[in-house]
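Student: Could you have a look at this structure, given as C-alpha cells, before my questions?
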Number of protein chains: 2
Amino acid sequence: MRRDVFQAIADPTRRAILTLIAFQAMTPNALAEHFGSSRQAVSKHIKILAECELVRQEASGRELYYHLNPNKMKELDSWLQPFRETWEGRFNQLDNILDNLKTK
Amino acid sequence: MRRDVFQAIADPTRRAILTLIAFQAMTPNALAEHFGSSRQAVSKHIKILAECELVRQEASGRELYYHLNPNKMKELDSWLQPFRETWEGRFNQLDNILDNLKTK
DNA sequence: TATATTTGCAACTCAATGGTTGCAAATAAT
DNA sequence: ATTATTTGCAACCATTGAGTTGCAAATATA
C-alpha cells in the first residue's frame, strides 16, 4: 500500500497527532490516553505517519517518543503553491479578462 | 458522510482533477477522457470535490463545466500555517536550545 | 420526430480503512 | 526472580472507497 502525505493527513485523528507532537514529543500510550481510543489504534496511525516520514521515532528504554518531521510537510506546501498564487489574487486580472470574453 | 478538503485531496485522481480545472474548466466527459477511467468514476470524484466546495459547477445546455474554487484551498493553507512557521526555521533557535538542554 | 449525446442515479464488486482483542517480546520495577 | 509496563504483531470485524455496469432523464442534432 502506497503511503503519501495527502492520505496521511486525510484522517482527523492523524492531523491531531501531528499537532500534538509538533508541540511536544509523545509516547503512543500518552497519545492513546489523550484521544478516546486504544493504544493499538494510535500505533496504527503512527505507523502510517512514519511510513511517509511525517514522524520520527526515538527510543528511550522501552518507551518510544514520536517527533514531528516538519520538513515533510513541505510536500503539501509545494502542491498547494500554484493554487495559493491563484487565491492570493495574482491572477484576478486574468480571470476578469476571461469573464469579459465569455459574456461578450 | 462528512466531507472535508483533507479527505478530498487524499485521492491522487482528485488532486489531478483540481490541477486540470485550475487551468481550464472542463466537463466530466473531457476529464474522463483525460484519465483512463470512466465518466461515472470522474463524476463521483467531482461530487466529492463539490460537496466540500472545492469545485463549482456551471451548466451550459446539457453540458456541465467544473471550475476550481481556489478560496476553499485556504482551509488547507490555514492548517499548514503553524507547521510552515516551523520548517521555515523560525524556531530553529528554540530547537537548538532544547537540543542543548537534552545533551547536557 | 427520431436519434445521438451528456449526465445522474442505483446496484454491485473488491480492496482499503479504522477499529477492536489477544498474545508474545522487551524493558523496568519490586 | 517475579511482576508490571510498554510496545509490536496477527487476526478479525464493520464501514468506507473507488471503480464498474445498466438504465432513465434531459438536451442537442439529423
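Going through the C-alpha cells in order, the chains are called A, B, and so on, while each chain numbers its residues from 1 and the ligands are numbered from 1 in the order shown.
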Once DSSP has gone over the backbone, tell me which residues of stretch 17-102 of chain B are in strand (DSSP E), as an mmCIF file with N, CA, C and O atoms, in the first residue's frame.
Tutor:
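The new file selection18.cif reads:
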data_model
loop_
_atom_site.group_PDB
_atom_site.id
_atom_site.type_symbol
_atom_site.label_atom_id
_atom_site.label_comp_id
_atom_site.auth_asym_id
_atom_site.auth_seq_id
_atom_site.Cartn_x
_atom_site.Cartn_y
_atom_site.Cartn_z
ATOM 1 N N VAL B 55 -14.859 22.572 -5.919
ATOM 2 C CA VAL B 55 -15.217 22.888 -7.314
ATOM 3 C C VAL B 55 -16.642 23.418 -7.374
ATOM 4 O O VAL B 55 -17.474 23.096 -6.534
ATOM 5 N N ARG B 56 -16.884 24.240 -8.387
ATOM 6 C CA ARG B 56 -18.218 24.774 -8.648
ATOM 7 C C ARG B 56 -18.654 24.295 -10.024
ATOM 8 O O ARG B 56 -17.827 24.087 -10.908
ATOM 9 N N GLN B 57 -19.971 24.111 -10.187
ATOM 10 C CA GLN B 57 -20.495 23.665 -11.472
ATOM 11 C C GLN B 57 -21.103 24.835 -12.227
ATOM 12 O O GLN B 57 -21.700 25.720 -11.646
ATOM 13 N N GLU B 58 -20.989 24.768 -13.539
ATOM 14 C CA GLU B 58 -21.642 25.753 -14.379
ATOM 15 C C GLU B 58 -22.266 24.993 -15.543
ATOM 16 O O GLU B 58 -21.571 24.343 -16.313
ATOM 17 N N ALA B 59 -23.609 25.052 -15.616
ATOM 18 C CA ALA B 59 -24.316 24.325 -16.666
ATOM 19 C C ALA B 59 -24.342 25.156 -17.942
ATOM 20 O O ALA B 59 -24.508 26.370 -17.910
ATOM 21 N N SER B 60 -24.149 24.470 -19.055
ATOM 22 C CA SER B 60 -24.258 25.113 -20.369
ATOM 23 C C SER B 60 -24.968 24.118 -21.284
ATOM 24 O O SER B 60 -24.342 23.243 -21.864
ATOM 25 N N GLU B 63 -24.372 20.236 -21.031
ATOM 26 C CA GLU B 63 -23.005 20.052 -20.546
ATOM 27 C C GLU B 63 -22.771 20.757 -19.220
ATOM 28 O O GLU B 63 -23.389 21.777 -18.937
ATOM 29 N N LEU B 64 -21.874 20.194 -18.432
ATOM 30 C CA LEU B 64 -21.515 20.798 -17.154
ATOM 31 C C LEU B 64 -20.032 21.138 -17.172
ATOM 32 O O LEU B 64 -19.200 20.298 -17.516
ATOM 33 N N TYR B 65 -19.720 22.352 -16.776
ATOM 34 C CA TYR B 65 -18.316 22.731 -16.671
ATOM 35 C C TYR B 65 -17.943 22.861 -15.204
ATOM 36 O O TYR B 65 -18.660 23.469 -14.427
ATOM 37 N N TYR B 66 -16.823 22.271 -14.870
ATOM 38 C CA TYR B 66 -16.361 22.312 -13.490
ATOM 39 C C TYR B 66 -15.225 23.314 -13.357
ATOM 40 O O TYR B 66 -14.264 23.282 -14.126
ATOM 41 N N HIS B 67 -15.403 24.190 -12.379
ATOM 42 C CA HIS B 67 -14.402 25.220 -12.096
ATOM 43 C C HIS B 67 -13.766 24.959 -10.742
ATOM 44 O O HIS B 67 -14.420 24.432 -9.846
ATOM 45 N N LEU B 68 -12.551 25.389 -10.596
ATOM 46 C CA LEU B 68 -11.905 25.326 -9.292
ATOM 47 C C LEU B 68 -12.385 26.488 -8.427
ATOM 48 O O LEU B 68 -12.621 27.588 -8.922
#
Student: Based on only C-alpha atoms (C1' of nucleotides), which of the residues in chain D come within 9 Å of chain A? I want them as a PyMOL selection string.
Tutor: chain D and resi 5-7
Student: Taking only C-alpha atoms into account, produce a table as a tab-separated table in which each residue of chain A with an atom at most 6 Å from an atom of chain B appears once, together with its shortest atom pair and the distance in Å to one decimal, ordered by chain and rising number.
Tutor:
residue	atom	partner	partner_atom	distance
A:Phe6	CA	B:Ala10	CA	4.8
A:Gln7	CA	B:Ala10	CA	4.5
A:Ala10	CA	B:Gln7	CA	4.6
A:Pro70	CA	B:Trp87	CA	5.4
A:Asn71	CA	B:Trp87	CA	5.7
A:Trp87	CA	B:Pro70	CA	5.4
Student: Could you tell me which of C:DA26, C:DA4, C:DA16, C:DA11 comes closest to D:DT20 if we count only C-alpha atoms (C1' of nucleotides)?
Tutor: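 When distances to D:DT20 are compared using only C-alpha atoms (C1' of nucleotides), the smallest one comes from C:DA11.
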Student: Check the smallest atom-to-atom distance from each of C:DT13, C:DT5, C:DT27, C:DT20 to chain B using only C-alpha atoms (C1' of nucleotides), then report the winner.
Tutor: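 Of all the options, C:DT5 lies closest to chain B.
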Student: Considering only C-alpha atoms (C1' of nucleotides), extract the chain C residues located within 12 Å of chain B and return them as a PDB file with C-alpha atoms (C1' of nucleotides), in the first residue's frame.
Tutor:
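That gives us result-v3.pdb:
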ATOM      1  C1'  DT C   5     -25.060  12.748 -26.735  1.00  0.00           C
ATOM      2  C1'  DT C   6     -24.415  14.135 -21.921  1.00  0.00           C
ATOM      3  C1'  DT C   7     -25.402  13.487 -17.449  1.00  0.00           C
ATOM      4  C1'  DG C   8     -27.391  11.479 -12.919  1.00  0.00           C
ATOM      5  C1'  DC C   9     -28.858   7.682 -10.076  1.00  0.00           C
TER       6       DC C   9
END
Student: Tell me which protein, DNA and RNA residues are within 12 Å of B:Thr13, counting only C-alpha atoms (C1' of nucleotides), leaving out same-chain ones fewer than 6 positions away, and put them as a list of chain:residue names.
Tutor: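 My list of contacting residues is A:Phe6, B:Thr19, B:Leu20, B:Leu31, B:Ala32, B:His34, B:Phe35, B:Gly36, B:Ser37, B:Ala41, B:Val42, B:Ser43, B:Lys44, B:His45, B:Ile46, B:Ile48, B:Leu49, D:DA18.
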Student: Quick one: distance from atom C1' of D:DG8 to atom C1' of C:DA29 in Å, one decimal?
Tutor: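 Separation of atom C1' of D:DG8 and atom C1' of C:DA29: 21.7 Å.
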Student: Considering only alpha helix (DSSP H) as DSSP defines it on the backbone, what residues of chain B qualify? List them as an MDAnalysis selection string.
Tutor: chainID B and resid 5:8 12:23 28:34 39:51 74:87 92:103
Student: Quick one: pull the distance between atom CA of A:Glu51 and atom C1' of C:DA28, Å, one decimal.
Tutor: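 These two atoms are separated by 29.0 Å.
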Student: Just how far from atom CA of B:Met26 is atom C1' of D:DA25, in Å to one decimal?
Tutor: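 Between these atoms lies a distance of 22.1 Å.
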Student: Ranking D:DT21, D:DT16, D:DT3, D:DT29 by minimum distance to C:DT30 and counting only C-alpha atoms (C1' of nucleotides), which one comes first?
Tutor: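 Result for the nearest residue to C:DT30: D:DT3.
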